[in-house]
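Quick notes on the structure that follows.
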Amino acid sequence: MSSTRRPDFGALAEIYDELRPADANWWELFELLVREADLVGRRVLDVGCGTGRAAAALTERGGRVWGVEPSPE
């Protein structure tokens with residue numbers, strides 16, 4: 001029987017945005033997601049939203065966004 005380990009980002013919560021900066025690569029991927037999923041102005045549920053960066057960026061594009069994050073940190 002194998003055990004399933006869930007990733008624990010709690011220890012990295014304070015520096016998560018530094019580890020994964022909103023650089024040109026992040027914005028390129030984000031814009032691709034917005035375009036391909038037709039998310040501008042939509043209602044969006046961001047599950048596992050982390051620090052909420054994507055949710056905030058979607059809100060700036062007129063969306064109504066709900067973020068759910070299981071980690072209390």
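Identifiers for the structure tokens are assigned positionally: chains receive A, B, ... in sequence, residues are indexed from 1 per chain, and ligands are indexed from 1 in the order shown.
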
For A:Pro7, please output as a VMD selection string all residues within 12 Å (counting only C-alpha atoms; exclusion window: fewer than 6 positions along the same chain). chain A and resid 48 70 to 71

When DSSP is applied to the backbone of this structure, which of chain A are assigned alpha helix (DSSP H)? Write them out as a VMD selection string. chain A and resid 16 to 19 24 to 36 53 to 60

Restricted to N, CA, C and O atoms, what would the selected residues look like written as a compact mmCIF listing (two decimals), in the first residue's frame?
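Output contents, as saved in again21.txt:
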# COMPACT_ATOMS: atom_id res chain seq x y z
N TYR A 16 6.29 32.88 -0.69
CA TYR A 16 5.82 32.21 -1.90
C TYR A 16 5.88 33.13 -3.12
O TYR A 16 6.34 32.74 -4.19
N ASP A 17 5.42 34.37 -2.99
CA ASP A 17 5.44 35.28 -4.13
C ASP A 17 6.85 35.63 -4.57
O ASP A 17 7.08 35.96 -5.73
N GLU A 18 7.82 35.57 -3.66
CA GLU A 18 9.21 35.80 -4.04
C GLU A 18 9.75 34.60 -4.82
O GLU A 18 10.55 34.76 -5.75
N LEU A 19 9.33 33.40 -4.43
CA LEU A 19 9.79 32.18 -5.11
C LEU A 19 9.18 32.05 -6.50
O LEU A 19 9.79 31.47 -7.39
N ALA A 24 7.64 38.33 -16.42
CA ALA A 24 7.09 38.28 -17.78
C ALA A 24 6.54 36.90 -18.12
O ALA A 24 5.51 36.78 -18.80
N ASN A 25 7.20 35.85 -17.65
CA ASN A 25 6.72 34.49 -17.92
C ASN A 25 5.38 34.23 -17.25
O ASN A 25 4.50 33.61 -17.84
N TRP A 26 5.23 34.69 -16.01
CA TRP A 26 3.96 34.51 -15.29
C TRP A 26 2.85 35.23 -16.02
O TRP A 26 1.77 34.67 -16.25
N TRP A 27 3.10 36.48 -16.42
CA TRP A 27 2.07 37.25 -17.11
C TRP A 27 1.73 36.66 -18.47
O TRP A 27 0.57 36.67 -18.89
N GLU A 28 2.72 36.13 -19.17
CA GLU A 28 2.46 35.49 -20.46
C GLU A 28 1.52 34.30 -20.30
O GLU A 28 0.55 34.15 -21.04
N LEU A 29 1.80 33.47 -19.31
CA LEU A 29 0.95 32.31 -19.04
C LEU A 29 -0.43 32.74 -18.57
O LEU A 29 -1.46 32.20 -19.01
N PHE A 30 -0.48 33.75 -17.72
CA PHE A 30 -1.77 34.25 -17.23
C PHE A 30 -2.61 34.78 -18.39
O PHE A 30 -3.80 34.46 -18.50
N GLU A 31 -2.01 35.59 -19.25
CA GLU A 31 -2.76 36.16 -20.39
C GLU A 31 -3.24 35.06 -21.34
O GLU A 31 -4.34 35.15 -21.88
N LEU A 32 -2.44 34.02 -21.52
CA LEU A 32 -2.86 32.88 -22.34
C LEU A 32 -4.08 32.20 -21.71
O LEU A 32 -5.06 31.90 -22.41
N LEU A 33 -4.04 31.98 -20.42
CA LEU A 33 -5.17 31.38 -19.71
C LEU A 33 -6.43 32.23 -19.85
O LEU A 33 -7.51 31.72 -20.17
N VAL A 34 -6.29 33.53 -19.63
CA VAL A 34 -7.44 34.44 -19.74
C VAL A 34 -8.03 34.40 -21.14
O VAL A 34 -9.25 34.32 -21.31
N ARG A 35 -7.17 34.44 -22.13
CA ARG A 35 -7.63 34.46 -23.52
C ARG A 35 -8.28 33.13 -23.92
O ARG A 35 -9.41 33.10 -24.44
N GLU A 36 -7.60 32.03 -23.67
CA GLU A 36 -8.10 30.73 -24.11
C GLU A 36 -9.35 30.28 -23.36
O GLU A 36 -10.20 29.60 -23.91
N ARG A 53 -2.85 35.99 -6.22
CA ARG A 53 -2.34 36.83 -7.31
C ARG A 53 -3.21 36.71 -8.57
O ARG A 53 -3.58 37.71 -9.17
N ALA A 54 -3.51 35.51 -8.99
CA ALA A 54 -4.31 35.33 -10.21
C ALA A 54 -5.73 35.85 -10.00
O ALA A 54 -6.30 36.48 -10.89
N ALA A 55 -6.28 35.61 -8.82
CA ALA A 55 -7.63 36.11 -8.53
C ALA A 55 -7.67 37.63 -8.60
O ALA A 55 -8.60 38.21 -9.17
N ALA A 56 -6.67 38.28 -8.05
CA ALA A 56 -6.61 39.75 -8.08
C ALA A 56 -6.48 40.25 -9.52
O ALA A 56 -7.14 41.22 -9.91
N ALA A 57 -5.65 39.58 -10.32
CA ALA A 57 -5.47 39.99 -11.71
C ALA A 57 -6.75 39.80 -12.51
O ALA A 57 -7.08 40.62 -13.36
N LEU A 58 -7.49 38.74 -12.23
CA LEU A 58 -8.77 38.53 -12.92
C LEU A 58 -9.79 39.58 -12.51
O LEU A 58 -10.59 40.04 -13.33
N THR A 59 -9.77 39.97 -11.25
CA THR A 59 -10.68 41.01 -10.77
C THR A 59 -10.41 42.32 -11.50
O THR A 59 -11.34 43.05 -11.85
N GLU A 60 -9.14 42.62 -11.74
CA GLU A 60 -8.77 43.83 -12.47
C GLU A 60 -9.29 43.82 -13.90
O GLU A 60 -9.39 44.86 -14.53

Taking the chain letters and numbering used in this document, name the residues of chain A that DSSP puts in strand (DSSP E or B), as a VMD selection string. chain A and resid 43 to 47 64 to 68

Export C-alpha atoms of the chosen residues as a compact mmCIF listing (two decimals), in the first residue's frame?
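Once everything was written out, this is again_20.txt:
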# COMPACT_ATOMS: atom_id res chain seq x y z
CA ARG A 43 -17.31 34.64 -12.64
CA VAL A 44 -14.34 32.49 -11.63
CA LEU A 45 -13.64 30.07 -8.79
CA ASP A 46 -9.90 29.89 -8.10
CA VAL A 47 -9.34 26.67 -6.14
CA ARG A 64 -15.97 38.35 -10.04
CA VAL A 65 -13.57 35.94 -8.42
CA TRP A 66 -13.85 33.66 -5.40
CA GLY A 67 -10.67 32.13 -4.08
CA VAL A 68 -10.48 28.98 -1.95

For atom CA of A:Arg42 and atom CA of A:Glu69, quote the distance in Å rounded to one decimal.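 One can read the atom CA of A:Arg42 to atom CA of A:Glu69 distance as 20.0 Å.
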
Top pick for closest residue to A:Phe9, considering A:Pro21, A:Arg61, A:Cys49, A:Gly41 and counting only C-alpha atoms: A:Cys49

Grab the atom CA of A:Gly62 to atom CA of A:Ala22 distance for me, in Å with one decimal place.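 Calculated distance between atom CA of A:Gly62 and atom CA of A:Ala22 is 19.6 Å.
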
So how many Å separate atom CA of A:Thr51 and atom CA of A:Asp23, to one decimal? 15.4 Å

Select, from A:Ile15, A:Gly63, A:Gly10, A:Thr4, the residue with the minimum atom-to-atom distance to A:Val40, counting only C-alpha atoms. A:Gly63
